[in-house]
Every structure is written in structure tokens, then in C-alpha cells.
Amino acid sequence: MDETEQNVGKTFDGVVVKTAMKDTASVLVERYVKHPKYKKYMRKSQKFLVHDPGNTAQVGEEVVIRETRPISKRKRFILVSRISPSLQATS
């Protein structure tokens, strides 16, 4: 392992659902998983609190988030980039 490489945490794609808090956004991440017994595929969703300095994210934007050190009690992810522009901006 090279000295410049870091142990980078998990990354997820999600949709911003709330931006009411200072420097924080709620991001909904959906996964497509197979049930272990019934072998049926299901959609599972989970909301993460994401550190967003300057409140740059808009509700409805698709974003990439990455796991990082704990920032607060429930905030363990940071906003990495935006995948698509806000839905509200196109209206």
C-alpha cells in the first residue's frame, strides 16, 4: 500500500430529501437486494445525515456521499459531488 493512499470509506449515490439544518443534508439511499430465503429482489432505503459545508445541495439533487470520521452524533458522511442538477432548477 502506497503512503499517499488512504483507507477510503464506502460511497453511495442518493437523493437529497432535506436541507433544513446548518451544514447538513439528509440523503436517501436506495439499494436493490435479494431476499436470502425467498430470492426475491427488494428495494431497501435508508437516510443518512451528510456534512454539506455552506449548504450547497438542493432538495431533489442526486449526489455522491462518502463515509468519513464522525462529525457529530449521527453525521458520518460527507458530500463528494453532484450527479444531476436540482429538479427545482429545471422547473
# chains A, B, ... in the order shown; residues from 1 in each chain; ligands from 1
>>> select_by_dssp(residues="chain A", states="strand (DSSP E)", output="tab-separated table (two decimals) with C-alpha atoms, in the first residue's frame")
chain	number	residue	atom	x	y	z
A	11	THR	CA	-19.53	5.60	-1.24
A	12	PHE	CA	-23.23	5.76	-2.08
A	13	ASP	CA	-25.43	7.50	-4.64
A	14	GLY	CA	-28.57	9.10	-3.24
A	15	VAL	CA	-31.13	11.88	-3.47
A	16	VAL	CA	-31.20	14.92	-1.18
A	17	VAL	CA	-34.53	14.96	0.67
A	18	LYS	CA	-33.98	17.69	3.28
A	24	THR	CA	-26.20	19.22	6.89
A	25	ALA	CA	-28.37	17.48	4.31
A	26	SER	CA	-30.47	14.32	4.58
A	27	VAL	CA	-29.77	11.94	1.71
A	28	LEU	CA	-31.98	8.96	0.84
A	29	VAL	CA	-30.01	5.96	-0.47
A	30	GLU	CA	-31.85	3.06	-2.10
A	31	ARG	CA	-30.34	-0.41	-2.53
A	32	TYR	CA	-31.59	-3.34	-4.58
A	33	VAL	CA	-31.03	-6.52	-2.52
A	34	LYS	CA	-32.00	-10.15	-2.86
A	41	TYR	CA	-35.30	-8.66	-5.11
A	42	MET	CA	-36.41	-5.80	-2.88
A	43	ARG	CA	-35.69	-2.09	-2.67
A	44	LYS	CA	-34.31	-1.06	0.70
A	45	SER	CA	-33.90	2.60	1.56
A	46	GLN	CA	-32.01	4.40	4.28
A	47	LYS	CA	-31.49	8.07	5.14
A	48	PHE	CA	-28.07	9.40	6.06
A	49	LEU	CA	-27.12	12.77	7.53
A	50	VAL	CA	-24.41	14.25	5.31
A	51	HIS	CA	-21.98	17.08	6.00
A	62	GLU	CA	-28.69	13.29	-6.98
A	63	VAL	CA	-25.41	13.26	-5.06
A	64	VAL	CA	-22.47	11.00	-4.20
A	65	ILE	CA	-21.64	10.67	-0.49
A	66	ARG	CA	-18.61	9.10	1.19
A	67	GLU	CA	-18.08	7.66	4.65
A	75	LYS	CA	-23.30	12.51	10.89
A	76	ARG	CA	-20.68	10.17	9.38
A	77	PHE	CA	-20.81	11.04	5.67
A	78	ILE	CA	-19.62	13.95	3.54
A	79	LEU	CA	-20.93	15.24	0.23
A	80	VAL	CA	-18.47	14.36	-2.55
A	81	SER	CA	-20.17	15.50	-5.76
A	82	ARG	CA	-23.42	16.10	-7.58
A	83	ILE	CA	-24.63	13.69	-10.27
A	84	SER	CA	-27.52	15.74	-11.66
>>> atom_distance(atom1="CA of Ile71 (chain A)", atom2="CA of Lys10 (chain A)")
15.9 Å
>>> select_by_dssp(residues="chain A", states="helix (DSSP H, G or I)", output="number ranges by chain")
A: 87-90
>>> closest_residue(among="A:Asp52, A:Arg69, A:Gly60, A:Arg74", to="Lys22 (chain A)", atoms="only C-alpha atoms")
A:Asp52
>>> atom_distance(atom1="CA of Met21 (chain A)", atom2="CA of Gly54 (chain A)")
10.8 Å
>>> decode(residues="region 63-86 of chain A", atoms="N, CA and C atoms", output="tab-separated table (two decimals), in the first residue's frame")
chain	number	residue	atom	x	y	z
A	63	VAL	N	-26.75	12.96	-5.55
A	63	VAL	CA	-25.41	13.26	-5.06
A	63	VAL	C	-24.65	11.96	-4.76
A	64	VAL	N	-23.33	12.10	-4.64
A	64	VAL	CA	-22.47	11.00	-4.20
A	64	VAL	C	-21.98	11.38	-2.81
A	65	ILE	N	-22.11	10.43	-1.85
A	65	ILE	CA	-21.64	10.67	-0.49
A	65	ILE	C	-20.58	9.63	-0.14
A	66	ARG	N	-19.68	10.00	0.78
A	66	ARG	CA	-18.61	9.10	1.19
A	66	ARG	C	-18.51	9.05	2.70
A	67	GLU	N	-18.25	7.86	3.23
A	67	GLU	CA	-18.08	7.66	4.65
A	67	GLU	C	-16.81	8.36	5.12
A	68	THR	N	-16.86	8.93	6.32
A	68	THR	CA	-15.71	9.64	6.87
A	68	THR	C	-15.72	9.50	8.40
A	69	ARG	N	-14.84	10.20	9.06
A	69	ARG	CA	-14.81	10.16	10.52
A	69	ARG	C	-16.10	10.75	11.07
A	70	PRO	N	-16.49	10.42	12.31
A	70	PRO	CA	-17.70	11.00	12.88
A	70	PRO	C	-17.58	12.52	13.01
A	71	ILE	N	-18.58	13.23	12.48
A	71	ILE	CA	-18.59	14.69	12.54
A	71	ILE	C	-19.48	15.15	13.69
A	72	SER	N	-20.56	14.41	13.93
A	72	SER	CA	-21.44	14.66	15.07
A	72	SER	C	-22.04	13.33	15.48
A	73	LYS	N	-23.07	13.36	16.33
A	73	LYS	CA	-23.64	12.12	16.85
A	73	LYS	C	-24.13	11.19	15.74
A	74	ARG	N	-24.80	11.72	14.72
A	74	ARG	CA	-25.37	10.89	13.65
A	74	ARG	C	-24.77	11.16	12.27
A	75	LYS	N	-23.84	12.11	12.19
A	75	LYS	CA	-23.30	12.51	10.89
A	75	LYS	C	-21.95	11.86	10.65
A	76	ARG	N	-21.91	10.89	9.69
A	76	ARG	CA	-20.68	10.17	9.38
A	76	ARG	C	-20.38	10.15	7.89
A	77	PHE	N	-21.01	11.00	7.11
A	77	PHE	CA	-20.81	11.04	5.67
A	77	PHE	C	-20.57	12.47	5.23
A	78	ILE	N	-19.84	12.63	4.12
A	78	ILE	CA	-19.62	13.95	3.54
A	78	ILE	C	-20.10	13.92	2.09
A	79	LEU	N	-20.49	15.08	1.61
A	79	LEU	CA	-20.93	15.24	0.23
A	79	LEU	C	-19.69	15.30	-0.66
A	80	VAL	N	-19.64	14.40	-1.66
A	80	VAL	CA	-18.47	14.36	-2.55
A	80	VAL	C	-18.75	15.14	-3.83
A	81	SER	N	-19.86	14.82	-4.51
A	81	SER	CA	-20.17	15.50	-5.76
A	81	SER	C	-21.64	15.38	-6.09
A	82	ARG	N	-22.04	16.15	-7.09
A	82	ARG	CA	-23.42	16.10	-7.58
A	82	ARG	C	-23.46	15.31	-8.87
A	83	ILE	N	-24.48	14.46	-9.04
A	83	ILE	CA	-24.63	13.69	-10.27
A	83	ILE	C	-25.50	14.45	-11.26
A	84	SER	N	-26.60	15.02	-10.77
A	84	SER	CA	-27.52	15.74	-11.66
A	84	SER	C	-27.93	17.04	-11.00
A	85	PRO	N	-28.35	18.01	-11.78
A	85	PRO	CA	-28.81	19.28	-11.21
A	85	PRO	C	-30.14	19.11	-10.48
A	86	SER	N	-30.48	20.13	-9.73
A	86	SER	CA	-31.71	20.10	-8.93
A	86	SER	C	-32.94	19.99	-9.83
